[in-house]
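See below for start-v6.cif, which holds mmCIF, C-alpha atoms.
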```cif
data_final
#
loop_
_atom_site.label_atom_id
_atom_site.label_comp_id
_atom_site.auth_asym_id
_atom_site.auth_seq_id
_atom_site.Cartn_x
_atom_site.Cartn_y
_atom_site.Cartn_z
CA MET A 1 8.18 23.45 -10.68
CA THR A 2 9.36 21.07 -13.37
CA THR A 3 7.48 18.03 -14.63
CA SER A 4 10.01 15.66 -13.06
CA ARG A 5 9.60 17.46 -9.75
CA ARG A 6 5.82 17.10 -9.92
CA ARG A 7 6.17 13.37 -10.53
CA PHE A 8 8.61 13.10 -7.64
CA LEU A 9 6.16 14.67 -5.23
CA GLY A 10 3.38 12.35 -6.33
CA ILE A 11 0.99 15.09 -7.39
CA GLY A 12 0.95 14.63 -11.15
CA ILE A 13 -2.34 13.77 -12.82
CA SER A 14 -2.34 11.89 -16.09
CA VAL A 15 -5.14 12.43 -18.58
CA ALA A 16 -7.31 9.59 -19.78
CA GLY A 17 -7.04 8.61 -23.42
CA ALA A 18 -9.05 11.01 -25.56
CA ALA A 19 -12.02 9.80 -27.55
CA VAL A 20 -12.31 10.60 -31.24
CA ALA A 21 -15.28 10.68 -33.56
CA GLY A 22 -16.42 7.21 -34.46
CA GLY A 23 -14.18 5.38 -31.97
CA THR A 24 -11.67 5.49 -29.14
CA LEU A 25 -8.45 4.31 -30.81
CA GLY A 26 -8.59 1.40 -28.36
CA LEU A 27 -7.86 3.63 -25.37
CA ASP A 28 -9.35 3.51 -21.89
CA THR A 29 -12.19 6.02 -22.20
CA ALA A 30 -15.01 4.06 -20.55
CA ALA A 31 -14.34 5.93 -17.29
CA ALA A 32 -13.71 9.33 -18.86
CA ALA A 33 -11.62 11.93 -17.04
CA PRO A 34 -11.07 10.07 -13.75
CA VAL A 35 -10.47 12.47 -10.90
CA SER A 36 -8.12 10.17 -9.04
CA GLN A 37 -4.36 10.25 -9.06
CA ASP A 38 -2.29 8.36 -11.63
CA PRO A 39 -1.01 5.33 -9.66
CA ASP A 40 2.42 5.73 -11.23
CA SER A 41 2.77 9.16 -9.60
CA ILE A 42 2.04 7.96 -6.05
CA ARG A 43 4.77 8.69 -3.52
CA GLY A 44 2.69 7.71 -0.55
CA ILE A 45 3.32 7.70 3.17
CA LYS A 46 1.41 5.36 5.48
CA TRP A 47 -0.23 6.73 8.58
CA ARG A 48 -1.41 4.25 11.15
CA THR A 49 -2.94 4.57 14.58
CA GLU A 50 -0.77 4.70 17.66
CA ARG A 51 0.34 1.51 19.34
CA ARG A 52 -0.91 1.00 22.88
CA PRO A 53 0.80 -1.22 25.45
CA ALA A 54 -1.09 -4.31 26.55
CA GLN A 55 -4.01 -3.50 28.82
CA PRO A 56 -5.22 -5.67 31.73
CA GLY A 57 -6.55 -8.90 30.29
CA ASP A 58 -4.73 -8.46 26.94
CA THR A 59 -1.72 -10.53 25.94
CA THR A 60 -0.31 -8.25 23.26
CA ASP A 61 -0.08 -4.60 22.32
CA THR A 62 -3.01 -3.11 20.47
CA PHE A 63 -3.58 -0.09 18.26
CA GLY A 64 -5.58 2.81 19.58
CA VAL A 65 -8.04 4.79 17.48
CA ARG A 66 -5.95 7.98 17.40
CA PHE A 67 -3.45 8.36 14.58
CA ASP A 68 0.15 8.37 15.74
CA THR A 69 1.64 11.88 15.78
CA GLN A 70 4.02 11.58 18.75
CA GLY A 71 2.00 14.23 20.55
CA LEU A 72 1.39 16.69 17.72
CA ALA A 73 -2.10 17.99 17.06
CA TYR A 74 -3.54 16.62 13.82
CA ARG A 75 -3.43 20.07 12.20
CA THR A 76 0.24 20.48 13.12
CA ALA A 77 1.09 16.97 11.98
CA VAL A 78 -0.59 17.45 8.60
CA ALA A 79 1.16 20.81 8.16
CA SER A 80 4.48 19.08 8.86
CA LEU A 81 3.83 16.48 6.16
CA PHE A 82 2.73 19.14 3.69
CA ASN A 83 5.76 21.31 4.39
CA ASN A 84 8.05 18.33 3.81
CA ASP A 85 6.53 17.69 0.35
CA PHE A 86 4.47 14.63 1.33
CA LYS A 87 1.38 15.07 -0.81
CA THR A 88 -0.08 11.53 -0.74
CA VAL A 89 -1.15 9.75 2.45
CA VAL A 90 -2.82 6.40 3.07
CA LEU A 91 -4.81 6.13 6.31
CA ARG A 92 -5.29 2.87 8.14
CA VAL A 93 -8.86 1.84 8.92
CA ALA A 94 -8.26 -0.57 11.76
CA ASN A 95 -10.19 -3.77 12.30
CA LEU A 96 -12.17 -3.55 15.52
CA SER A 97 -10.37 -6.69 16.69
CA ASP A 98 -7.10 -4.71 16.56
CA LEU A 99 -8.47 -1.94 18.77
CA PRO A 100 -9.06 -1.85 22.54
CA ARG A 101 -12.07 -3.83 23.67
CA GLY A 102 -15.25 -1.81 23.55
CA THR A 103 -14.09 0.49 20.75
CA THR A 104 -16.95 1.25 18.38
CA LYS A 105 -16.91 1.76 14.63
CA LYS A 106 -18.03 5.33 15.19
CA GLN A 107 -15.01 6.04 17.40
CA ARG A 108 -12.70 4.56 14.79
CA ASP A 109 -14.37 6.39 11.92
CA ASP A 110 -14.43 9.71 13.83
CA GLU A 111 -10.62 9.66 13.95
CA VAL A 112 -10.31 8.80 10.25
CA ILE A 113 -12.65 11.65 9.35
CA GLU A 114 -10.84 14.11 11.65
CA VAL A 115 -7.49 13.43 9.99
CA LEU A 116 -9.08 13.38 6.54
CA ARG A 117 -10.54 16.83 7.20
CA GLU A 118 -7.08 18.25 7.93
CA LEU A 119 -5.55 16.54 4.90
CA ASP A 120 -8.36 17.80 2.68
CA SER A 121 -7.80 21.37 3.89
CA ARG A 122 -4.22 21.12 2.59
CA GLY A 123 -5.21 19.67 -0.75
CA MET A 124 -3.54 16.35 0.04
CA LYS A 125 -4.37 13.13 -1.78
CA VAL A 126 -5.71 10.42 0.53
CA TYR A 127 -6.34 6.68 0.27
CA LEU A 128 -7.96 4.41 2.84
CA TRP A 129 -6.58 0.94 3.52
CA LYS A 130 -7.64 -1.94 5.68
CA ARG A 131 -5.94 -5.22 6.52
CA GLN A 132 -8.68 -7.52 5.31
CA TRP A 133 -8.62 -11.27 4.73
CA LEU A 134 -10.84 -12.06 1.76
CA GLN A 135 -10.52 -15.82 1.38
CA ARG A 136 -13.84 -16.78 2.99
CA SER A 137 -16.85 -17.49 0.75
CA ASP A 138 -20.35 -18.68 1.49
CA ARG A 139 -22.07 -21.10 -0.90
CA SER A 140 -25.70 -20.38 -1.59
CA GLY A 141 -27.81 -21.37 -4.55
CA GLY A 142 -25.11 -23.81 -5.60
CA ALA A 143 -22.46 -21.11 -6.15
CA TYR A 144 -20.05 -19.01 -4.14
CA ASN A 145 -21.75 -15.64 -4.36
CA ARG A 146 -21.13 -14.14 -0.92
CA HIS A 147 -17.72 -13.24 0.45
CA PRO A 148 -17.92 -12.16 4.12
CA GLY A 149 -14.44 -10.65 4.28
CA ALA A 150 -15.02 -8.63 1.14
CA ASP A 151 -18.47 -7.61 2.42
CA GLU A 152 -16.88 -6.22 5.59
CA PHE A 153 -14.41 -4.20 3.53
CA VAL A 154 -17.18 -2.89 1.27
CA THR A 155 -19.32 -1.90 4.26
CA ASP A 156 -16.55 -0.11 6.15
CA MET A 157 -15.13 1.76 3.17
CA SER A 158 -18.52 2.73 1.79
CA ALA A 159 -19.56 4.18 5.14
CA LEU A 160 -16.44 6.35 5.29
CA ILE A 161 -16.82 7.48 1.67
CA GLN A 162 -20.44 8.44 2.22
CA ARG A 163 -19.66 10.27 5.45
CA ALA A 164 -16.81 12.18 3.79
CA LYS A 165 -19.21 13.20 1.02
CA ARG A 166 -21.78 14.41 3.54
CA GLU A 167 -19.18 16.44 5.41
CA GLY A 168 -17.73 18.00 2.27
CA ILE A 169 -14.26 16.48 2.56
CA ALA A 170 -14.46 13.68 -0.01
CA GLY A 171 -12.42 15.69 -2.50
CA ALA A 172 -9.23 14.43 -0.88
CA LEU A 173 -10.17 10.77 -1.28
CA GLN A 174 -8.51 9.03 -4.21
CA GLY A 175 -9.28 5.37 -3.58
CA VAL A 176 -9.35 2.35 -1.30
CA LEU A 177 -7.05 -0.64 -0.73
CA PRO A 178 -7.53 -4.00 0.98
CA VAL A 179 -4.09 -5.28 2.04
CA GLU A 180 -2.81 -8.71 3.12
CA THR A 181 -5.88 -10.41 1.69
CA ASN A 182 -4.75 -14.03 2.27
CA LEU A 183 -6.11 -15.23 -1.08
CA ASN A 184 -5.03 -18.60 -2.43
CA ASN A 185 -4.52 -17.75 -6.10
CA CYS A 186 -4.95 -15.08 -8.73
CA ALA A 187 -8.38 -16.28 -9.82
CA GLU A 188 -9.55 -15.31 -6.32
CA VAL A 189 -7.70 -11.99 -6.61
CA ARG A 190 -9.56 -11.09 -9.79
CA ASN A 191 -12.89 -12.34 -8.41
CA ARG A 192 -12.72 -10.45 -5.12
CA ALA A 193 -11.47 -7.25 -6.78
CA LEU A 194 -14.54 -7.07 -9.00
CA TYR A 195 -16.82 -8.06 -6.13
CA ILE A 196 -15.45 -5.22 -4.00
CA ALA A 197 -15.69 -2.67 -6.81
CA ARG A 198 -19.30 -3.54 -7.55
CA GLY A 199 -20.19 -3.56 -3.87
CA ILE A 200 -18.74 -0.12 -3.18
CA ASN A 201 -20.35 1.35 -6.28
CA ALA A 202 -23.74 -0.02 -5.23
CA ARG A 203 -23.44 1.71 -1.83
CA THR A 204 -21.85 5.00 -2.89
CA GLY A 205 -23.58 6.07 -6.09
CA ASN A 206 -20.81 4.64 -8.30
CA TRP A 207 -18.04 6.52 -6.49
CA LEU A 208 -15.35 4.07 -7.62
CA LYS A 209 -16.10 4.73 -11.27
CA THR A 210 -14.11 7.95 -10.93
CA HIS A 211 -11.69 6.73 -8.26
CA THR A 212 -9.07 4.06 -7.67
CA LEU A 213 -9.15 0.52 -6.37
CA MET A 214 -5.92 -1.30 -5.59
CA VAL A 215 -5.61 -4.94 -4.58
CA PRO A 216 -2.51 -6.99 -3.72
CA GLY A 217 -1.37 -10.23 -5.26
CA ALA A 218 -2.35 -13.53 -3.71
CA GLY A 219 -1.09 -14.66 -0.32
CA MET A 220 -0.01 -11.56 1.57
CA GLY A 221 0.67 -9.68 -1.66
CA PRO A 222 3.61 -10.97 -3.77
CA TYR A 223 2.07 -13.83 -5.79
CA PHE A 224 0.88 -13.21 -9.38
CA LYS A 225 1.17 -16.55 -11.15
CA GLY A 226 -1.77 -16.87 -13.54
CA ILE A 227 -2.90 -13.26 -13.18
CA HIS A 228 -2.91 -12.95 -16.99
CA ASN A 229 -5.64 -15.59 -17.27
CA GLY A 230 -8.18 -12.81 -16.79
CA GLY A 231 -7.38 -11.49 -20.27
CA THR A 232 -9.10 -8.41 -21.62
CA ALA A 233 -12.48 -9.60 -20.36
CA TRP A 234 -11.45 -8.99 -16.75
CA LEU A 235 -9.83 -5.66 -17.59
CA ARG A 236 -13.01 -4.52 -19.35
CA GLN A 237 -15.08 -5.51 -16.34
CA MET A 238 -12.73 -3.64 -13.99
CA ARG A 239 -12.72 -0.61 -16.29
CA ALA A 240 -16.52 -0.52 -16.11
CA GLN A 241 -16.34 -0.29 -12.30
CA THR A 242 -13.31 1.90 -11.56
CA GLY A 243 -11.68 5.10 -12.76
CA ARG A 244 -8.29 3.55 -12.14
CA PHE A 245 -6.96 0.21 -10.93
CA ALA A 246 -3.57 -1.00 -9.71
CA PHE A 247 -2.15 -4.18 -8.29
CA LEU A 248 -0.21 -3.82 -5.06
CA TYR A 249 3.04 -5.68 -4.46
CA LYS A 250 3.84 -6.42 -0.81
CA HIS A 251 6.99 -8.37 0.02
CA MET A 252 5.67 -10.72 2.67
CA VAL A 253 5.69 -14.48 3.10
CA SER A 254 2.36 -16.31 3.06
CA HIS A 255 0.61 -17.80 6.06
CA PRO A 256 1.12 -21.56 6.62
CA PRO A 257 -0.61 -24.07 4.29
CA ALA A 258 -3.37 -24.71 6.82
CA ILE A 259 -4.44 -21.07 6.40
CA CYS A 260 -3.40 -20.27 2.82
CA ARG A 261 -2.51 -22.78 0.13
CA LEU A 262 0.42 -20.63 -0.98
CA GLY A 263 2.08 -21.54 2.32
CA ARG A 264 3.52 -24.51 0.41
CA LEU A 265 6.00 -22.02 -1.12
CA ASN A 266 7.19 -20.57 2.18
CA ASP A 267 10.42 -22.55 2.50
CA ARG A 268 11.43 -21.64 -1.06
CA TRP A 269 10.45 -18.01 -0.46
CA LEU A 270 12.60 -17.77 2.67
CA ALA A 271 15.61 -19.29 0.91
CA ASN A 272 15.32 -17.10 -2.19
CA VAL A 273 13.94 -13.71 -1.14
CA GLY A 274 13.32 -14.01 2.60
CA TYR A 275 14.87 -12.14 5.49
CA GLU A 276 18.04 -14.23 5.51
CA ALA A 277 18.21 -15.04 1.79
CA LYS A 278 21.75 -15.16 0.40
CA LYS A 279 20.87 -15.17 -3.29
CA THR A 280 22.22 -12.70 -5.83
CA VAL A 281 20.06 -9.98 -7.33
CA ALA A 282 19.71 -11.94 -10.57
CA GLU A 283 18.75 -15.12 -8.70
CA GLN A 284 16.12 -13.30 -6.68
CA ILE A 285 14.59 -11.69 -9.76
CA ARG A 286 14.46 -15.10 -11.45
CA PHE A 287 12.61 -16.58 -8.46
CA LEU A 288 10.10 -13.70 -8.37
CA ARG A 289 9.41 -13.99 -12.08
CA THR A 290 9.02 -17.75 -12.18
CA THR A 291 7.81 -19.15 -8.86
CA MET A 292 5.94 -16.03 -7.75
CA GLY A 293 4.60 -15.19 -11.20
CA LEU A 294 5.92 -11.66 -11.71
CA ALA A 295 6.58 -12.62 -15.35
CA ASP A 296 2.84 -13.22 -15.78
CA LEU A 297 2.13 -9.79 -14.27
CA GLU A 298 4.66 -8.10 -16.57
CA ARG A 299 3.25 -9.77 -19.66
CA TYR A 300 -0.35 -9.04 -18.71
CA LEU A 301 0.01 -5.37 -17.89
CA HIS A 302 2.47 -4.34 -20.59
CA GLY A 303 0.59 -6.35 -23.20
CA HIS A 304 -2.65 -4.45 -22.52
CA ARG A 305 -1.34 -1.04 -21.42
CA ALA A 306 -2.16 0.72 -24.70
CA GLN A 307 -5.80 -0.36 -24.51
CA PHE A 308 -6.21 0.02 -20.72
CA PRO A 309 -3.80 2.78 -19.62
CA ASN A 310 -5.75 3.54 -16.43
CA HIS A 311 -6.04 -0.07 -15.29
CA THR A 312 -2.62 -1.64 -15.82
CA HIS A 313 -0.53 -0.33 -12.94
CA VAL A 314 1.53 -1.73 -10.08
CA VAL A 315 2.16 0.14 -6.82
CA PHE A 316 4.79 -1.06 -4.34
CA TRP A 317 3.39 -1.36 -0.80
CA GLY A 318 6.60 -2.31 1.01
CA ASP A 319 7.61 -5.26 3.15
CA ILE A 320 6.28 -6.95 6.25
CA GLY A 321 7.49 -3.92 8.23
CA ASP A 322 5.65 -1.58 5.83
CA GLY A 323 8.82 -0.01 4.45
CA ILE A 324 11.90 -1.72 3.10
CA PHE A 325 13.93 -1.98 6.27
CA SER A 326 12.83 -5.57 6.88
CA MET A 327 14.59 -6.47 3.64
CA SER A 328 17.81 -4.85 4.80
CA SER A 329 20.67 -6.73 6.45
CA LEU A 330 20.21 -8.46 9.78
CA ASP A 331 21.63 -6.66 12.79
CA SER A 332 25.41 -7.03 12.99
CA GLN A 333 25.42 -9.26 9.87
CA PRO A 334 26.97 -8.74 6.42
CA ARG A 335 24.98 -6.68 3.97
CA TRP A 336 24.22 -9.41 1.44
CA ASN A 337 20.52 -9.43 2.32
CA TYR A 338 20.15 -5.91 0.91
CA ASN A 339 20.13 -7.74 -2.44
CA THR A 340 16.39 -8.23 -1.96
CA VAL A 341 15.85 -4.47 -1.99
CA ARG A 342 18.04 -4.17 -5.06
CA ALA A 343 16.22 -7.02 -6.81
CA LEU A 344 12.79 -5.51 -6.22
CA HIS A 345 13.88 -2.05 -7.25
CA GLU A 346 15.54 -3.43 -10.39
CA LEU A 347 12.47 -5.49 -11.31
CA LEU A 348 9.64 -3.13 -10.40
CA VAL A 349 11.10 0.31 -11.02
CA LYS A 350 14.05 0.08 -13.39
CA GLN A 351 12.79 -2.63 -15.72
CA ASN A 352 9.01 -2.19 -15.57
CA HIS A 353 8.79 1.54 -14.75
CA TRP A 354 6.29 1.00 -11.94
CA HIS A 355 7.24 4.05 -9.87
CA GLY A 356 4.30 4.34 -7.48
CA HIS A 357 4.83 3.35 -3.86
CA PHE A 358 3.39 3.49 -0.34
CA PHE A 359 5.75 2.85 2.54
CA ASN A 360 7.13 4.20 5.81
CA PHE A 361 5.36 6.05 8.60
CA PRO A 362 5.37 9.76 9.43
CA PHE A 363 6.43 10.36 13.00
CA THR A 364 8.66 8.86 15.66
CA HIS A 365 10.14 10.41 18.76
CA LYS A 366 13.63 11.86 18.78
CA GLY A 367 16.00 9.40 20.40
CA ALA A 368 14.19 6.33 19.10
CA THR A 369 16.47 3.48 18.07
CA ARG A 370 16.48 0.37 15.92
CA THR A 371 13.09 -0.57 14.41
CA ASP A 372 11.47 2.41 16.14
CA LEU A 373 13.61 4.66 13.96
CA TRP A 374 14.30 2.83 10.69
CA GLY A 375 10.75 3.02 9.39
CA TYR A 376 9.87 6.63 10.24
CA LEU A 377 10.57 9.79 8.26
CA ILE A 378 10.18 12.64 10.77
CA THR A 379 11.43 12.76 14.34
CA VAL A 380 9.55 14.68 17.04
CA ASP A 381 11.43 16.04 20.05
CA ARG A 382 8.80 15.94 22.76
CA GLN A 383 11.25 17.38 25.30
CA HIS A 384 11.88 20.55 23.28
CA ASP A 385 8.54 22.03 22.19
CA TYR A 386 7.86 19.12 19.79
CA ALA A 387 10.48 20.24 17.31
CA ARG A 388 10.41 18.19 14.09
CA ALA A 389 13.31 17.14 11.90
CA LYS A 390 13.84 14.92 8.85
CA ASN A 391 15.08 11.50 9.83
CA HIS A 392 18.56 11.34 8.32
CA ASP A 393 19.61 8.37 10.44
CA TRP A 394 21.09 5.38 8.62
CA ASN A 395 18.73 2.71 7.44
CA ARG A 396 19.13 -0.80 8.79
CA ALA A 397 21.66 -1.81 6.13
CA LYS A 398 23.66 1.41 6.58
CA THR A 399 23.48 2.16 2.86
CA HIS A 400 21.27 5.28 2.87
CA SER A 401 19.51 7.55 5.31
CA VAL A 402 15.91 6.64 6.06
CA TRP A 403 14.79 9.90 4.45
CA ASN A 404 16.76 9.39 1.22
CA GLU A 405 15.86 5.73 0.97
CA TRP A 406 12.18 6.64 0.82
CA HIS A 407 12.71 9.40 -1.73
CA LEU A 408 15.02 7.33 -3.93
CA TRP A 409 12.65 4.41 -4.45
CA SER A 410 10.77 5.90 -7.42
CA GLN A 411 13.95 6.89 -9.29
CA GLU A 412 15.04 4.46 -11.98
CA ASN A 413 18.68 5.51 -11.70
CA ALA A 414 18.83 5.18 -7.90
CA THR A 415 21.68 3.02 -6.61
CA LEU A 416 19.74 1.46 -3.75
#
```

Target format structure tokens, applied to this file:
Amino acid sequence: MTTSRRRFLGIGISVAGAAVAGGTLGLDTAAAAPVSQDPDSIRGIKWRTERRPAQPGDTTDTFGVRFDTQGLAYRTAVASLFNNDFKTVVLRVANLSDLPRGTTKKQRDDEVIEVLRELDSRGMKVYLWKRQWLQRSDRSGGAYNRHPGADEFVTDMSALIQRAKREGIAGALQGVLPVETNLNNCAEVRNRALYIARGINARTGNWLKTHTLMVPGAGMGPYFKGIHNGGTAWLRQMRAQTGRFAFLYKHMVSHPPAICRLGRLNDRWLANVGYEAKKTVAEQIRFLRTTMGLADLERYLHGHRAQFPNHTHVVFWGDIGDGIFSMSSLDSQPRWNYNTVRALHELLVKQNHWHGHFFNFPFTHKGATRTDLWGYLITVDRQHDYARAKNHDWNRAKTHSVWNEWHLWSQENATL
């Protein structure tokens, strides 16, 4: 297997900068030999729990605790991913409010551990993510020093890490990710990231010091204006707490101003890079760099990469639909909106060489259509002995197959 092939599959491991006698040449050796995966090598697939129709007394669908396999046993489903060269998986740890009433944390965690055990047996790399709003803070002693949302994330992730360690399956775990954090600015992003890292380390025997933490930009993930204000002081603090660190980019509009202050940008976002945006690729890149602060992120990470090679990464999470199909053209409309996909790929991958990504889901049923097909990579024929096949159906914009679109994202020369 060639080096490029290893990078494509997301299983490459980069080595931390080597120390030398009398100094470190300015390299990132504080967390020596991290065991976790190089964020730039991540080619990750998201695996969420199955969606359940509304139950009596509920007004909307919910997620169940079982991970969605379209009827396959977990062992069979994991084997299918492994055999199709998916080597990195991120598992959703659902909020109890998203699960059927009466579901306990133990029931939720039992399912996460069961899937993790199968993934570990195949030598897969696994991350845990949770949709967690982090904007709330409690003032005590004259300062904001408690953050209930972050505390919940720390508690839930630490419990799963500790349980995986007890059951001998923690080797698969690479890191943890809060997503859609609803933060108002990048000062909060930096603050909560360190708070989470310190909290998890305190509960897990410093587990994160050899593993990875990823956090999104402000809002729902795409805002980075002012991120560079942390300087090297913040990077040194993060290096002391984590083996690796990466910012996540998620292409999703903010909540309204009453919920998140970045909601003031929503009208401009929708016009420039939103679902129906009609801007050119160059215009969209300009908006992302200026109004959304991607230029600050570029300057910050590239400017300090030599000194902090393990802590200056960006990983693409996807769009509001958790892939890139929600940035494709509207149904029965011209294809101009696919410019948003091209703009993000040009900016993140081609220009900045940030190749890592998590998006798309594993399994859907054969015969699924529209959004039930565009975001899934393997079809399962439940009528014919659960036969599986790669999803080569057209994506929403009819530019690539769903399968190839996912695999092309990390390639700098891809004509997305």

Exercise. Take the point (-3.9, -10.9, -3.3) in the file's coordinates, draw a sphere of radius 7 Å around it, and report as a list of chain:residue names every protein, DNA or RNA residue with an atom inside or on it, counting only C-alpha atoms.
Key: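 Residues satisfying the cut-off, written out: A:Glu180, A:Thr181, A:Asn182, A:Leu183, A:Cys186, A:Val189, A:Val215, A:Pro216, A:Gly217, A:Ala218, A:Gly219, A:Met220, A:Gly221.
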
Practice problem: Evaluate the PyMOL selection byres ((chain A and resi 385) around 12) and record the selected residues as a list in words, following the chain and residue labels used in the document. | Solution: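 Selected by the PyMOL selection byres ((chain A and resi 385) around 12) in this file: Gln70, Gly71, Leu72, Lys366, Val380, Asp381, Arg382, Gln383, His384, Tyr386, Ala387 and Arg388 of chain A.
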
Quiz item: Out of A:Ala54, A:Ala246, A:Ala282, A:Leu235, which residue has the shortest atom-to-atom distance to Gln307 of chain A when counting all atoms listed in the file?
Solution: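 Answer, going by the shortest atom-to-atom distance: A:Leu235.
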
Quiz item: Which one of A:Ile227, A:Val154, A:Val315, A:Val253 sits closest to Ala187 of chain A if you count only C-alpha atoms?
Solution: A:Ile227

Self-check item: Spatial neighbours of Leu160 of chain A, max dist 12 Å, all atoms listed in the file, sep filter under 3 positions, as a ChimeraX atom specification
Solution: /A:91,93,105-106,108-114,116,127-129,153-157,163-167,169-170,173,175-176,200,203-204,207

Could you write those residues out with C-alpha atoms, as a compact mmCIF listing (two decimals), in the frame of the given file?
```
# COMPACT_ATOMS: atom_id res chain seq x y z
CA LEU A 91 -4.81 6.13 6.31
CA VAL A 93 -8.86 1.84 8.92
CA LYS A 105 -16.91 1.76 14.63
CA LYS A 106 -18.03 5.33 15.19
CA ARG A 108 -12.70 4.56 14.79
CA ASP A 109 -14.37 6.39 11.92
CA ASP A 110 -14.43 9.71 13.83
CA GLU A 111 -10.62 9.66 13.95
CA VAL A 112 -10.31 8.80 10.25
CA ILE A 113 -12.65 11.65 9.35
CA GLU A 114 -10.84 14.11 11.65
CA LEU A 116 -9.08 13.38 6.54
CA TYR A 127 -6.34 6.68 0.27
CA LEU A 128 -7.96 4.41 2.84
CA TRP A 129 -6.58 0.94 3.52
CA PHE A 153 -14.41 -4.20 3.53
CA VAL A 154 -17.18 -2.89 1.27
CA THR A 155 -19.32 -1.90 4.26
CA ASP A 156 -16.55 -0.11 6.15
CA MET A 157 -15.13 1.76 3.17
CA ARG A 163 -19.66 10.27 5.45
CA ALA A 164 -16.81 12.18 3.79
CA LYS A 165 -19.21 13.20 1.02
CA ARG A 166 -21.78 14.41 3.54
CA GLU A 167 -19.18 16.44 5.41
CA ILE A 169 -14.26 16.48 2.56
CA ALA A 170 -14.46 13.68 -0.01
CA LEU A 173 -10.17 10.77 -1.28
CA GLY A 175 -9.28 5.37 -3.58
CA VAL A 176 -9.35 2.35 -1.30
CA ILE A 200 -18.74 -0.12 -3.18
CA ARG A 203 -23.44 1.71 -1.83
CA THR A 204 -21.85 5.00 -2.89
CA TRP A 207 -18.04 6.52 -6.49
```

Exercise. Excluding segment 269-276 of chain A and residues on its chain fewer than 5 positions from it, collect all residues at most 10 Å away from it, counting all atoms listed in the file, and give them as a ChimeraX atom specification.
Key: /A:251-254,263-264,281,283-288,291-292,326-330,333,336-341,343-344

Applying the PyMOL selection byres ((chain A and resi 226) around 10) to the file I just gave you, which residues come out? Please list them as a PDB file with C-alpha atoms, in the coordinates of the input.
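File produced: expr22.pdb:
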```
ATOM      1  CA  ASN A 185      -4.520 -17.750  -6.100  1.00  0.00           C
ATOM      2  CA  CYS A 186      -4.950 -15.080  -8.730  1.00  0.00           C
ATOM      3  CA  ALA A 187      -8.380 -16.280  -9.820  1.00  0.00           C
ATOM      4  CA  TYR A 223       2.070 -13.830  -5.790  1.00  0.00           C
ATOM      5  CA  PHE A 224       0.880 -13.210  -9.380  1.00  0.00           C
ATOM      6  CA  LYS A 225       1.170 -16.550 -11.150  1.00  0.00           C
ATOM      7  CA  ILE A 227      -2.900 -13.260 -13.180  1.00  0.00           C
ATOM      8  CA  HIS A 228      -2.910 -12.950 -16.990  1.00  0.00           C
ATOM      9  CA  ASN A 229      -5.640 -15.590 -17.270  1.00  0.00           C
ATOM     10  CA  GLY A 230      -8.180 -12.810 -16.790  1.00  0.00           C
ATOM     11  CA  MET A 292       5.940 -16.030  -7.750  1.00  0.00           C
ATOM     12  CA  GLY A 293       4.600 -15.190 -11.200  1.00  0.00           C
ATOM     13  CA  LEU A 294       5.920 -11.660 -11.710  1.00  0.00           C
ATOM     14  CA  ALA A 295       6.580 -12.620 -15.350  1.00  0.00           C
ATOM     15  CA  ASP A 296       2.840 -13.220 -15.780  1.00  0.00           C
ATOM     16  CA  LEU A 297       2.130  -9.790 -14.270  1.00  0.00           C
ATOM     17  CA  TYR A 300      -0.350  -9.040 -18.710  1.00  0.00           C
TER      18      TYR A 300
END
```

Self-check item: Selection dump of the PyMOL selection byres ((chain A and resi 198) around 12), as JSON, numbers by chain
Solution: {"A": [150, 151, 154, 155, 158, 191, 192, 193, 194, 195, 196, 197, 199, 200, 201, 202, 203, 204, 205, 206, 207, 208, 209, 213, 237, 238, 239, 240, 241, 242]}

Put the listed atoms of segment 234-242 of chain A in a box along x, y and z with 5 Å added on every side and give me the centre and edge lengths in Å to one decimal, as AutoDock Vina command-line options.
```
--center_x -13.2 --center_y -3.5 --center_z -15.5 --size_x 16.7 --size_y 20.9 --size_z 17.8
```

Quiz item: In Å to one decimal, how far is atom CA of Lys390 of chain A from atom CA of Val126 of chain A?
Solution: 21.7 Å

Self-check item: Distance query 8 Å from (6.8, 13.1, 1.2) using all atoms listed in the file, result as an MDAnalysis selection string
Solution: chainID A and resid 9 43:45 81:82 84:88 407

Quiz item: If you measure from atom CA of Thr212 of chain A to atom CA of Arg51 of chain A, what distance in Å do you get, rounded to one decimal?
Solution: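 So the two atoms, atom CA of Thr212 of chain A and atom CA of Arg51 of chain A, lie 28.7 Å apart.
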
Exercise. May I have the residues within 10 Å of Arg244 of chain A as a PyMOL selection string, using only C-alpha atoms and disregarding those fewer than 5 positions away in the same chain?
Key: chain A and resi 16+28+31+34-39+174-175+208-214+238-239+308-313

Self-check item: Between atom CA of Leu119 of chain A and atom CA of Ala172 of chain A, distance in Å (one decimal)
Solution: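 Between atom CA of Leu119 of chain A and atom CA of Ala172 of chain A the gap is 7.2 Å.
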
Quiz prompt | Polymer residues at most 12 Å from Asn404 of chain A, only C-alpha atoms, same-chain spacing of 5 or more positions, as an MDAnalysis selection string | solution = chainID A and resid 360 374:377 390:395 398:399 409:411 414:416
